Amino acid sequence: MIKESLCGDGWLVREKGAASGYKAKAPCSVLSVLMEQKQIDNIYYRENEKNAFACLEKDYEFIKNFSVGGEHMQQESVELVFYGLDTCTEIYLNDELLGRTRNMHRTYRYQVKDKIRVGANELRIVFESPLRYISEYRPEDNKKSDYSPTGAVFGGQYLRKPHMMFGWDWAPSLPDIGIFRDITIESFSKVRIGDVFFSQDHYGDELIVRVDPILEYTDPIPVEIAVNITGEEERTVMTRMPEPGTIESDPGENEFVIPIQSPQLWWPNGMGPQPLYTVKVSVRKADKAYDEKTYQIGLRTIEVERKKDEKGESFCFVVNGRKMFARGADYVPEDSVFSNISEKKTVSLVENAAKANFNCLRVWGGGYYPSDAFYEACDRFGIVVWQDLMFACNTYEMTRQFERTVLSEIHDNVSRIRHHACLGLWCGNNEIESFWAGNGVLSKEPLALKSDYVKLFEYLLPRAVAADDSQTFYWNSSPSSGGSFDAPDDESRGDSHYWDVWHGNGVIEDYKKHDFRFLSEFGFQSFPGIKTVKAFTGEVDRNIFSPVMEDHQKSPDGNGKILQHIARNFRYPKDFVQFLYVSQIMQGMAVKYCVEHMRQKRGTCMGTIFWQFNDCWPAVSWSSVDYYGRWKALQYMARKFYAPVVGSIDVEGTSVRAFAVNDSNEALTVKVRTALCSMDGKEHIHYVESIKLPPDSSVALKVHDFSRQLEENFKRDVFVCVDFEFSNGIKQTEDAVFVPYKHLNLKENGVEIYADEKDDVYEITIESEVYTPFVMVELSRGDAVFSDNVVTVFKDRPAVITVNKDEIENATFESLDDFIDSLVVYTLQGSFDMGDVIYS
């Protein structure tokens, strides 16, 4: 098997029919090339999206002249393989048409043995404008729909291309064109490994791995198949000589049944380690090696439990027999220019999820199937993947052509992803069942399209997924109660999406009114920090209602909603930069409120996945990590409220109740100290209690009523401080107030910052003599993830934050003073001009 990439240097990109073009390095796209060649400005700056959109109404050609050596031509089969074309193409090799593509999610293979030449060859890919394609598409008369998702160009559902590229309520309308994954020449003779199926049988402490290579022949010959499994402490090799048969072996024909001695199980983040086994499958005859494939697998079972109970029906991941509370967020494509999505950025993003104690990411159905690097990183970091198929919030017309391309899409991606330890479930679509049910937004669309929904999502796709992966749980839609339009929004069973607080203009306390079984989507917006805002604005634009700031806000009246929620909870910030900071505190506070309530209800609710984890461009959105990888306040707060062992507080009127959650498999005890304090930190009264905390549990402690201490006006002068001390050594402090923060009689603060340099870290100590919540630190130069952030300090309760020097990006500090000069500290009092920061 010989494989050679055609990506890299040597490409020419031009408008179709033009005499000249631009040199390019693939993977690349029209927008990436035009920006690199300075033909258009940065598409994310100010309102440049509109100019970039016009470029995508044209057709383009991507041309590569390349040379082929005799080693390929000596093989019996030579293929050109396209792993990612975006999207509508005609492919020509030496001016001969190979084929047409209409699906960005597919891999296309073309046999070119009789078309390719030794020596010089030309590959020309003609890309048709996706905007023209969808504008010219004509559905059947009884399947015409007027629906389009918020912010999207109408007709995006007509093309198998990430829907968010046509716009969404957090994404720009930039349906780019180009090559976003590798193009290769692949040649072989006699035999190659076409596919490998894996399955596992677990019997207590015994485990069997089944490895089933599917061989493809040009000439069926007797060969030897070897399977080599390597773990930390073992090496298993088995060989077999199958009888040659047809041009492709059947599933099960070459299956190896391999017992694993003392298996090391793979666990999600926070539940145990993530050991991976390397499986090498090779085909040879005597000394002739024909092909070899290498995989990494984890030994585990992942199931989804659905059991009737007194509250409805459970919905819960069960990993190696243990119930897992899913802690995570919804993942979207990392860039609107897909060729700019790098392995480094993808791996860093997954690592940031693990650092914030996520154990789950939901790959949202309006994007794309991520690269292998994404799933490999999730394997390493213990992130269970809820994998949507790429359908979201729309109608789909079932034609023979659509059915064929979708089946190929499912096969290509399921067979690529299924062996990963991280894969938790397949889900047919995002929100479409809910949209059709009852009075949903699609309920008045043609019934023929509703019939097509059933055919696609309840018949075709479940069977297509099962044909390539019979081991992984399949869920028809999200949210859903199990399909067939049976009350998909019923919060007592299945998974739920809850948007009444944001889109419904509710208050964050509304989260507490619900006991969802699994909350797979909910969210709250904020602005990114000032460094990110500066990247897409000019100074004149830095007002939340300026045209540019509103252009980078795709949710209708989104900036107004942020302002509305801030008005309910905080005093009006003194300037634009402080407004950005307070918006992030508001976002973090809202999501924290919801997650804590759901974790307190562990057993009823078994998962919270907030919308959304990341951004595809610099913008105002629901993300916790912005486009540049910078952590917002929410991401830092998530690291605390998503900790496997954690405490939380519930305030109801004048009563305070502490909860302790244990997602570990270790029985613990927790000592809880609840104190009522004045703004200067002086205690008025405190209570101490201890309680046992079984594995995988949530426990409520006593209710403490402070009504005698809290006369109406006094509520503004106190806060409650709760210290948790767990028997495994974890210590945590939580604080809460009895009135909105805007009504507190906060004391003017003088926060003092001390910085020190210790070997490979900078250490920052933050002190205050008065109650100072939501203290947030960032760097004006460079970027880093701090050990802690968004902290509360008061008298005798400092916060110590560290940052590793080698993890600081985009800046170098010559001295400790240089580092201190770059420190920026935000405080709640400082947001409305009632506090100073003193650097020592």
# chains A, B, ... in the order shown; residues from 1 in each chain; ligands from 1
call {"tool": "residues_around", "arguments": {"residues": "range 295-303 of chain A", "least_positions_apart": "3", "cutoff": "6 Å", "atoms": "only C-alpha atoms", "output": "list in words"}}
result
Leu265, Trp266, Leu276, Tyr277, Thr278, Val279, Phe317, Val318, Val319, Asn320, His420 and Ala421 of chain A
call {"tool": "select_by_dssp", "arguments": {"residues": "range 395-473 of chain A", "states": "strand (DSSP E or B)", "output": "NGL selection string"}}
result
:A and (423-427 or 430 or 473)
call {"tool": "residues_around", "arguments": {"residues": "Glu652 in chain A", "least_positions_apart": "4", "cutoff": "10 Å", "atoms": "only C-alpha atoms", "output": "ChimeraX atom specification"}}
result
/A:656-657,703,705,738
call {"tool": "write_last_selection", "arguments": {"atoms": "N, CA and C atoms", "output": "short mmCIF file (atom, residue, chain, number, x, y, z; two decimals), in the first residue's frame"}}
result
data_model
loop_
_atom_site.label_atom_id
_atom_site.label_comp_id
_atom_site.auth_asym_id
_atom_site.auth_seq_id
_atom_site.Cartn_x
_atom_site.Cartn_y
_atom_site.Cartn_z
N VAL A 656 -30.39 28.95 54.17
CA VAL A 656 -29.22 28.50 53.42
C VAL A 656 -29.04 27.01 53.64
N ARG A 657 -28.83 26.31 52.56
CA ARG A 657 -28.59 24.86 52.65
C ARG A 657 -27.38 24.51 51.80
N VAL A 703 -30.82 22.67 56.74
CA VAL A 703 -31.23 24.02 56.37
C VAL A 703 -30.97 24.95 57.56
N ASP A 705 -31.65 28.66 58.94
CA ASP A 705 -32.51 29.83 58.74
C ASP A 705 -31.91 31.02 59.49
N PHE A 738 -28.06 37.50 49.87
CA PHE A 738 -29.50 37.37 50.04
C PHE A 738 -30.29 38.37 49.19
#
call {"tool": "closest_residue", "arguments": {"among": "A:Asn48, A:Ser583, A:Gln264, A:Ser555", "to": "Leu31 in chain A", "atoms": "only C-alpha atoms"}}
result
A:Asn48
call {"tool": "residues_around", "arguments": {"residues": "Ile649 in chain A", "least_positions_apart": "4", "cutoff": "9 Å", "atoms": "only C-alpha atoms", "output": "list in words"}}
result
Glu596, Val656, Arg657, Ala658, Phe659, Ala660, Val722, Glu734, Asp735 and Ala736 of chain A
call {"tool": "atom_distance", "arguments": {"atom1": "CA of Phe813 in chain A", "atom2": "CA of Thr537 in chain A"}}
result
26.8 Å
